[in-house]
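Visitor: Here it is: the structure, laid out below.
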Amino acid sequence: MLVSARPLLAHAHKGVTVKLSRRTTAVAAIAGAAAFALIATGCSSGGTTGATASNKPITLTLATFNNFGYNDALLAEYHTLHPNITVVQNKAATSDAAQTNLFTKLAAGSGLGDIEAVDGDWMPKVKQYASKFVDLASTDNKGRYSSWKTAGGTAGGKQIGLGTDIGPEAICYRSDLFAKAGLPTDPAAVAKLLTGDWNTYYSVGATFAAAKTGAAWFDSAGATFQGLSNQYQNFYEKNDGTVIAATNPDVKAAFESVLKASATESSHLSEWSTDWASGMANGAFATMLCPAWMLGVIQGDSPKVSDWKIANVFPNGGGNWGGSYLLVPTQGKHTAEAKALADWITAPAQQIKAFKVAGNFPSQVAAYTNPALTTATNPFFNDAPIGKIFIDRANAVTVTPFKGIKYGAINTAVQNGLTRVETGTQSVSDSWNQVVTDIKALG
Amino acid sequence: MTTSPLRGKERTPRRIAFNQKLGRWDIKFSPYLYISPFFVLFAIVGLFPLLYTGWVSLHAWDLIGGQGKFVGSANFLWVLQQQKFWIALRNTFSIFLLSSVPQIIFALLVAAVLDSNLRSKTFWRMGVLLPYIVMPVAVSLIFSNLYGDRYGLVNALLGHIGIPAIQWHSNAIASQFAIATMVNFRWTGYNALILLAGMQAIPRDYYEAATIDGAGIFRRFFSITIPQLRPTLIFVIITATIGGLQIFDEPRLFDQNGTGGANSQWLTLTIYLYNLGWGQLNFGRASAVAWLLFLVIVLIGLINLAITRRIASNEGRKQ
């Protein structure tokens with residue numbers, strides 16, 4: 001669910017403890033994986049089991065990352081429904097760790113969980129290998145999602161991913177800092193104040209900056225740009241996958257406009273950095289774009305701050321940031337059972353339970369009318385009616401951004417460009433030129 | 001050998017000779033057989049992957065899709081034309097120099113101190129090894145907190161003595177210095193112990209003789225310890241070089257993205273390789289970088305060996 005989640009602990013095991021063998025280890029790792037890739041191509045046809053589920057006791061592994069909200073009670077519930085099946089969850093620390101794990105083991109041809117969670121942002125990369133995943137479409141999950149969520153999990157004519165959550169965005173703000181700057185503090189009034197486009201957001205930011213509270217208006221150019229970029233249908237790539245990022249005037253305009261605002265309104269704390277997390281606790285910025293899953297992050301990073309509130313508003317209407325899928329790799333031994341579990345756990349009833357545990361907003365349309373969701377509130381955010389807010393924010397999403405195979409790499413290049421300007425390493429135009437060079441080097 | 005010379009032709013010395021031959025083979029080849037497990041293992045887990053990487057580098061190769069068409073030197077040419085590759089090479093050298101040079105000098109000093117008459121020797125010796133036991137990831141996490149641009153401890157301390165905050169994550173030299181300190185923290189004690197072992201092997205008579213001749217502590221260090229340490233120094237310098245040029249954990253964990261900085265400030269060759277192989281799933285190009293790195297290390301290793309030999313033997317002759 002988190003898009004560019006926190007550091008890279010899981011890569012740590014690649015670290016080498018004996019100095020002498022560093023070279024051999026590095027080389028061996030590469031070539032070894034390459035060798036496995038060769039083997040994998042030879043035996044990729046195996047694995048798909050028949051549709052008939054037997055009653056033999058089996059264990060299914062469910063590999064997720066961060067916090068999907070699948071707690072022990074939920075997994076035990078499935079065991080009660082299917083006494084012969086025990087579900088074990090393997091949690092990776094971050095989305096990045098899960099990504100590395102998935103690709104390495106996909107290349108090796110074995111070792112993946114029976115069900116693998118995939119972040120929407122690197123789903124396009126996974127979709128290239130649709131043949132290595134089971135078609136999860138069933139009468140049960142037909143029409144479960146909005147069309148864009150379904151499309152995000154479809155590749156090669158197969159429904160390889162079943163959606164878990166989505167990330168409809170609102171604005172989170174610090175009411176104490178708003179009060180200090182003489183701005184309204186009530187969520188409804190703030191929502192009214194910020195209704196409009198990005199220029200409205202920036203101009204309120206200018207007012208806030210003029211009040212000299214010592215805090216910035218938003219956290220970083222990078223995060224703000226992320227919200228803006230998710231409002232375009234074809235921002236970096238055309239629907240056929242052609243990269244247009246370097247020539248699309250929208251990208252350059254967004255790049256320049258965000259940086260223009262960030263010069264006076266940003267705290268210049270790079271998203272997900274330790275400084276950014278500390279900044280959240282220390283009141284370094286007054287607002288931030290708030291996808292549903294961000295609530296858990298804010299609460300985790302600034303647990304002692306009692307002034308966070310959520311405004312039911314987003315510049316330019318609506319936007320979605322992040323959200324994940326569950327996939328069943330064909331290399332598993334129990335693909336039929338895994339498919340049934342994936343279907344069950346992504347059903348609205350289960351996803352609402354997950355939402356209550358971890359705040360991941362369900363992607364299932366039927367959930368949005370369920371009272372358990374519509375009446376949900378969050379005490380940390382001063383009892384914000386998060387159910388209602390994020391249902392509204394989800395309904396406001398009108399555009400489905402196309403994200404192709406190279407989305408991740410292009411976005412990294414652009415985000416690096418924003419960071420270079422924010423840290424004062426380069427001017428806006430120099431940085432943009434380097435972004436163009438970096439994007440071309442991806443070819 | 002022991003047969004009578006008289007009727008040599010009629011006898012059957014061959015069988016005896018064969019036995020003797022076996023015996024001689026035993027003496028000649030057995031030692032090699034005994035050390036062969038290492039080389040067999042090395043061939044499997046070291047040499048084969050090395051050569052296989054070379055094979056991969058000549059192809060278009062997807063991490064998951066596997067082998068594509070043969071492209072010859074195209075991957076190498078592409079890599080060599082990338083500005084990032086040269087930046088990565090520069091950074092690798094820069095971090096290597098910033099870490100290895102102070103590390104070895106400092107390790108030498110620590111070893112010399114440990115070599116002198118200290119109370120509770122074992123305690124101090126184990127003490128210098130402590131940072132080595134700490135997980136590199138833990139070291140990186142702690143240091144990246146210390147080196148936070150805005151809320152880091154180092155900048156806070158600098159602020160107290162009136163030095164403006166250093167942008168550890170945007171200034172190239174500052175970031176590389178920060179990474180070098182992590183490496184030094186971890187490896188100085190380890191190298192110091194190896195050097196200490198070398199120092200302990202130096203006959204004490206030399207020192208006694210020199211002391212009687214009136215040599216001071218520094219003279220003894222430079223004229224006896226360092227020349228006598230030659231083989232150990234060569235070993236330490238070469239392993240530090242190999243390790244230093246392949247630095248990965250520390251720069252990868254230096255920020256939240258792990259891709260070497262927004263402006264490639266601390267992009268090393270291994271990080272570049274990783275970005276190509278696991279980020280872009282392009283194993284052909286990643287393998288090309290791996291081979292180029294290998295060649296660079298061999299080259300530097302040779303230069304290193306030549307220089308170390310010369311320095312150490314020159315000093316030896318001065319005596």
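Order determines the names: the first chain of the structure tokens is A, the second B, and so forth; residues in each chain are numbered 1 upward, and ligands are numbered 1 upward as they are shown.
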Considering only C-alpha atoms, return as a PDB file with C-alpha atoms, in the first residue's frame whatever protein or nucleic-acid residues lie within 9 Å of Phe255 of chain A, sequence-local ones (same chain, fewer than 2 positions apart) excluded.

Guide:
```pdb
ATOM      1  CA  ALA A 221       8.155  19.240  -3.559  1.00  0.00           C
ATOM      2  CA  PHE A 225       4.413  16.583  -7.268  1.00  0.00           C
ATOM      3  CA  ASP A 250       2.455  18.861 -18.644  1.00  0.00           C
ATOM      4  CA  VAL A 251       5.404  17.226 -16.910  1.00  0.00           C
ATOM      5  CA  LYS A 252       7.681  20.210 -17.360  1.00  0.00           C
ATOM      6  CA  ALA A 253       4.928  22.622 -16.299  1.00  0.00           C
ATOM      7  CA  SER A 257       5.131  25.047 -10.873  1.00  0.00           C
ATOM      8  CA  VAL A 258       5.758  22.762  -7.907  1.00  0.00           C
ATOM      9  CA  LEU A 259       9.313  24.025  -7.570  1.00  0.00           C
ATOM     10  CA  LYS A 260       8.184  27.634  -7.818  1.00  0.00           C
ATOM     11  CA  VAL A 414      11.910  13.210 -11.889  1.00  0.00           C
ATOM     12  CA  GLY A 417      15.322  16.306 -10.112  1.00  0.00           C
ATOM     13  CA  LEU A 418      12.929  17.869  -7.605  1.00  0.00           C
ATOM     14  CA  VAL A 428      15.452  24.452 -11.906  1.00  0.00           C
ATOM     15  CA  TRP A 432      15.223  19.613 -15.639  1.00  0.00           C
TER      16      TRP A 432
END
```

Visitor: May I have all residues of segment 208-399 of chain A that DSSP, computed from the backbone, assigns to alpha helix (DSSP H), given as a ChimeraX atom specification?

Guide: /A:208-210,221-229,249-265,274-281,294-301,335-345,348-358,371-374,386-395

Visitor: Restricting the calculation to only C-alpha atoms, which member of B:Leu299, B:Leu293, B:Ala192, B:Val154 is positioned closest to Thr53 of chain B?

Guide: B:Leu293

Visitor: Just the residues within 12 Å of Ala286 of chain A, please, counting only C-alpha atoms, with nothing from its chain fewer than 3 positions along; format it as a PyMOL selection string.

Guide: chain A and resi 171-181+183+185+204-205+208-209+212-220+265-267+279-283+289+307-310

Visitor: Select from chain B every residue with an atom at most 7 Å from any atom of chain A, then for each give the shortest pair of atoms and their distance in Å to one decimal, using only C-alpha atoms, rows by chain and rising number, as CSV.

Guide:
```
residue,atom,partner,partner_atom,distance
B:Val45,CA,A:Ala28,CA,6.3
B:Gly46,CA,A:Thr24,CA,5.5
B:Pro49,CA,A:Ala31,CA,4.8
B:Leu50,CA,A:Val27,CA,6.1
B:Tyr52,CA,A:Ala31,CA,6.0
B:Thr53,CA,A:Ala31,CA,5.0
B:Leu63,CA,A:Ala107,CA,6.2
B:Ile64,CA,A:Ala107,CA,4.5
B:Gly66,CA,A:Ala37,CA,5.4
B:Gln67,CA,A:Leu38,CA,6.9
B:Val137,CA,A:Ala12,CA,5.8
B:Asn145,CA,A:Thr274,CA,6.8
B:Gly148,CA,A:Asp275,CA,6.1
B:Asp149,CA,A:Asp275,CA,7.0
B:Arg150,CA,A:Asp275,CA,6.2
B:Tyr151,CA,A:Asp275,CA,6.0
B:Ser170,CA,A:Thr423,CA,6.2
B:Thr239,CA,A:Leu20,CA,5.9
B:Ile242,CA,A:Arg23,CA,6.9
B:Gly243,CA,A:Lys19,CA,5.9
B:Gln246,CA,A:Arg23,CA,6.9
B:Asp249,CA,A:Gly15,CA,5.7
B:Leu253,CA,A:Leu8,CA,6.7
B:Asp255,CA,A:Ser273,CA,6.6
B:Gln256,CA,A:Pro7,CA,4.6
B:Asn257,CA,A:Pro7,CA,6.6
B:Ala262,CA,A:Asn416,CA,4.2
B:Asn263,CA,A:Arg420,CA,6.3
B:Ala290,CA,A:Val27,CA,6.9
```

Visitor: Just to be explicit: take each residue in the selection above, keep C-alpha atoms, and write the result as an mmCIF file, in the first residue's frame.

Guide:
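Result file again.cif:
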```cif
data_model
loop_
_atom_site.group_PDB
_atom_site.id
_atom_site.type_symbol
_atom_site.label_atom_id
_atom_site.label_comp_id
_atom_site.auth_asym_id
_atom_site.auth_seq_id
_atom_site.Cartn_x
_atom_site.Cartn_y
_atom_site.Cartn_z
ATOM 1 C CA VAL B 45 30.986 -20.316 -6.359
ATOM 2 C CA GLY B 46 33.625 -17.862 -7.556
ATOM 3 C CA PRO B 49 29.765 -17.051 -11.626
ATOM 4 C CA LEU B 50 32.558 -14.739 -12.743
ATOM 5 C CA TYR B 52 28.958 -16.661 -16.368
ATOM 6 C CA THR B 53 28.578 -12.951 -15.622
ATOM 7 C CA LEU B 63 16.215 -10.491 -14.790
ATOM 8 C CA ILE B 64 13.126 -12.650 -15.170
ATOM 9 C CA GLY B 66 16.223 -14.497 -19.056
ATOM 10 C CA GLN B 67 18.585 -14.686 -21.991
ATOM 11 C CA VAL B 137 22.778 -2.163 8.618
ATOM 12 C CA ASN B 145 20.457 9.471 11.889
ATOM 13 C CA GLY B 148 20.576 14.021 9.363
ATOM 14 C CA ASP B 149 20.636 17.318 7.452
ATOM 15 C CA ARG B 150 18.251 19.109 9.765
ATOM 16 C CA TYR B 151 17.709 17.078 12.910
ATOM 17 C CA SER B 170 23.299 17.003 -0.952
ATOM 18 C CA THR B 239 41.750 -6.574 1.183
ATOM 19 C CA ILE B 242 38.897 -4.880 -2.726
ATOM 20 C CA GLY B 243 36.370 -4.147 -0.004
ATOM 21 C CA GLN B 246 32.893 -2.759 -3.692
ATOM 22 C CA ASP B 249 25.654 -1.443 2.266
ATOM 23 C CA LEU B 253 21.385 2.726 3.370
ATOM 24 C CA ASP B 255 19.161 7.663 2.527
ATOM 25 C CA GLN B 256 15.637 6.344 2.215
ATOM 26 C CA ASN B 257 15.791 5.648 -1.520
ATOM 27 C CA ALA B 262 19.376 12.747 -6.176
ATOM 28 C CA ASN B 263 22.457 14.069 -7.928
ATOM 29 C CA ALA B 290 30.194 -6.013 -12.793
#
```

Visitor: If I take atom CA of Leu60 of chain A and atom CA of Ala340 of chain A, how far is one from the other in Å, to one decimal?

Guide: 10.9 Å

Visitor: Distance atom CA of Phe285 of chain A-atom CA of Asp197 of chain A, one decimal place?

Guide: 20.2 Å

Visitor: Any idea what's packed within 9 Å of Ala201 of chain B, counting only C-alpha atoms, ignoring anything in its chain fewer than 3 positions away? Could you give it as a PyMOL selection string?

Guide: chain B and resi 196-198+204+228-229

Visitor: Save out the residues we just selected, C-alpha atoms, as a compact mmCIF listing (two decimals), in the first residue's frame.

Guide:
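Final output, saved to again_1.txt:
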```txt
# COMPACT_ATOMS: atom_id res chain seq x y z
CA LEU B 196 48.67 -6.42 15.73
CA ALA B 197 49.10 -10.10 14.93
CA GLY B 198 51.82 -9.10 12.47
CA ARG B 204 61.56 -8.54 20.32
CA GLN B 228 58.77 -5.91 9.37
CA LEU B 229 55.03 -5.62 8.85
```

Visitor: Compile a residue-level contact table for segment 195-241 of chain A against segment 378-399 of chain A at a cut-off of 10 Å, reporting for every qualifying residue the shortest atom pair and its distance in Å to one decimal, with only C-alpha atoms counted, rows ordered by chain and ascending number, as CSV.

Guide:
```
residue,atom,partner,partner_atom,distance
A:Asn230,CA,A:Val399,CA,8.0
A:Gln231,CA,A:Val399,CA,6.0
A:Tyr232,CA,A:Val399,CA,6.5
A:Gln233,CA,A:Val399,CA,6.0
A:Asn234,CA,A:Val399,CA,9.7
```

Visitor: List the spatial neighbours of Lys69 of chain B as an mmCIF file with C-alpha atoms, in the first residue's frame - criterion: any atom at most 9 Å away, only C-alpha atoms, same-chain residues fewer than 4 positions off excluded.

Guide:
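Final output, selection_3.cif:
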```cif
data_model
loop_
_atom_site.group_PDB
_atom_site.id
_atom_site.type_symbol
_atom_site.label_atom_id
_atom_site.label_comp_id
_atom_site.auth_asym_id
_atom_site.auth_seq_id
_atom_site.Cartn_x
_atom_site.Cartn_y
_atom_site.Cartn_z
ATOM 1 C CA LEU B 58 27.312 -10.145 -23.902
ATOM 2 C CA HIS B 59 23.556 -10.600 -24.174
ATOM 3 C CA ALA B 60 20.361 -8.667 -23.805
ATOM 4 C CA TRP B 61 19.268 -10.272 -20.562
#
```

Visitor: If you run DSSP over the backbone, which residues in segment 63-255 of chain B end up strand (DSSP E or B)? Put them as a list in words.

Guide: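 Going through segment 63-255 of chain B, the strand (DSSP E or B) residues come out as Gly66, Gln67, Gly68, Lys69 and Phe70 of chain B.
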
Visitor: Just to confirm, what's the straight-line distance from atom CA of Ala189 of chain A to atom CA of Ala261 of chain A in Å (one decimal)?

Guide: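 For atom CA of Ala189 of chain A relative to atom CA of Ala261 of chain A, the distance reads 23.0 Å.
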
Visitor: Nearest residue to Thr86 of chain A out of A:Thr61, A:Gln159, A:Asn66, A:Asn370, using only C-alpha atoms?

Guide: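 Of A:Thr61, A:Gln159, A:Asn66, A:Asn370, the one nearest Thr86 of chain A, counting only C-alpha atoms, is A:Thr61.
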
Visitor: Show which residues sit within 8 Å of Ala358 of chain A, as a PyMOL selection string. Count only C-alpha atoms, and ignore same-chain residues fewer than 4 positions away.

Guide: chain A and resi 67-69+293+296+354

Visitor: Please produce a file of those selected residues containing N, CA and C atoms, as a short mmCIF file (atom, residue, chain, number, x, y, z; two decimals), in the first residue's frame.

Guide:
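Wrote it out as result33.cif, contents follow:
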```cif
data_model
loop_
_atom_site.label_atom_id
_atom_site.label_comp_id
_atom_site.auth_asym_id
_atom_site.auth_seq_id
_atom_site.Cartn_x
_atom_site.Cartn_y
_atom_site.Cartn_z
N ASN A 67 1.88 -2.86 6.57
CA ASN A 67 0.76 -3.40 7.34
C ASN A 67 -0.49 -3.44 6.47
N PHE A 68 -0.87 -4.62 6.06
CA PHE A 68 -2.07 -4.76 5.23
C PHE A 68 -3.33 -4.87 6.09
N GLY A 69 -3.15 -4.94 7.40
CA GLY A 69 -4.29 -5.04 8.28
C GLY A 69 -4.83 -6.46 8.39
N TRP A 293 -3.71 5.63 3.49
CA TRP A 293 -2.69 4.87 4.21
C TRP A 293 -1.68 5.77 4.92
N GLY A 296 -1.72 6.23 9.03
CA GLY A 296 -0.91 5.38 9.90
C GLY A 296 0.51 5.89 10.01
N ALA A 354 -9.78 -5.09 7.65
CA ALA A 354 -8.38 -4.65 7.51
C ALA A 354 -8.28 -3.13 7.66
#
```
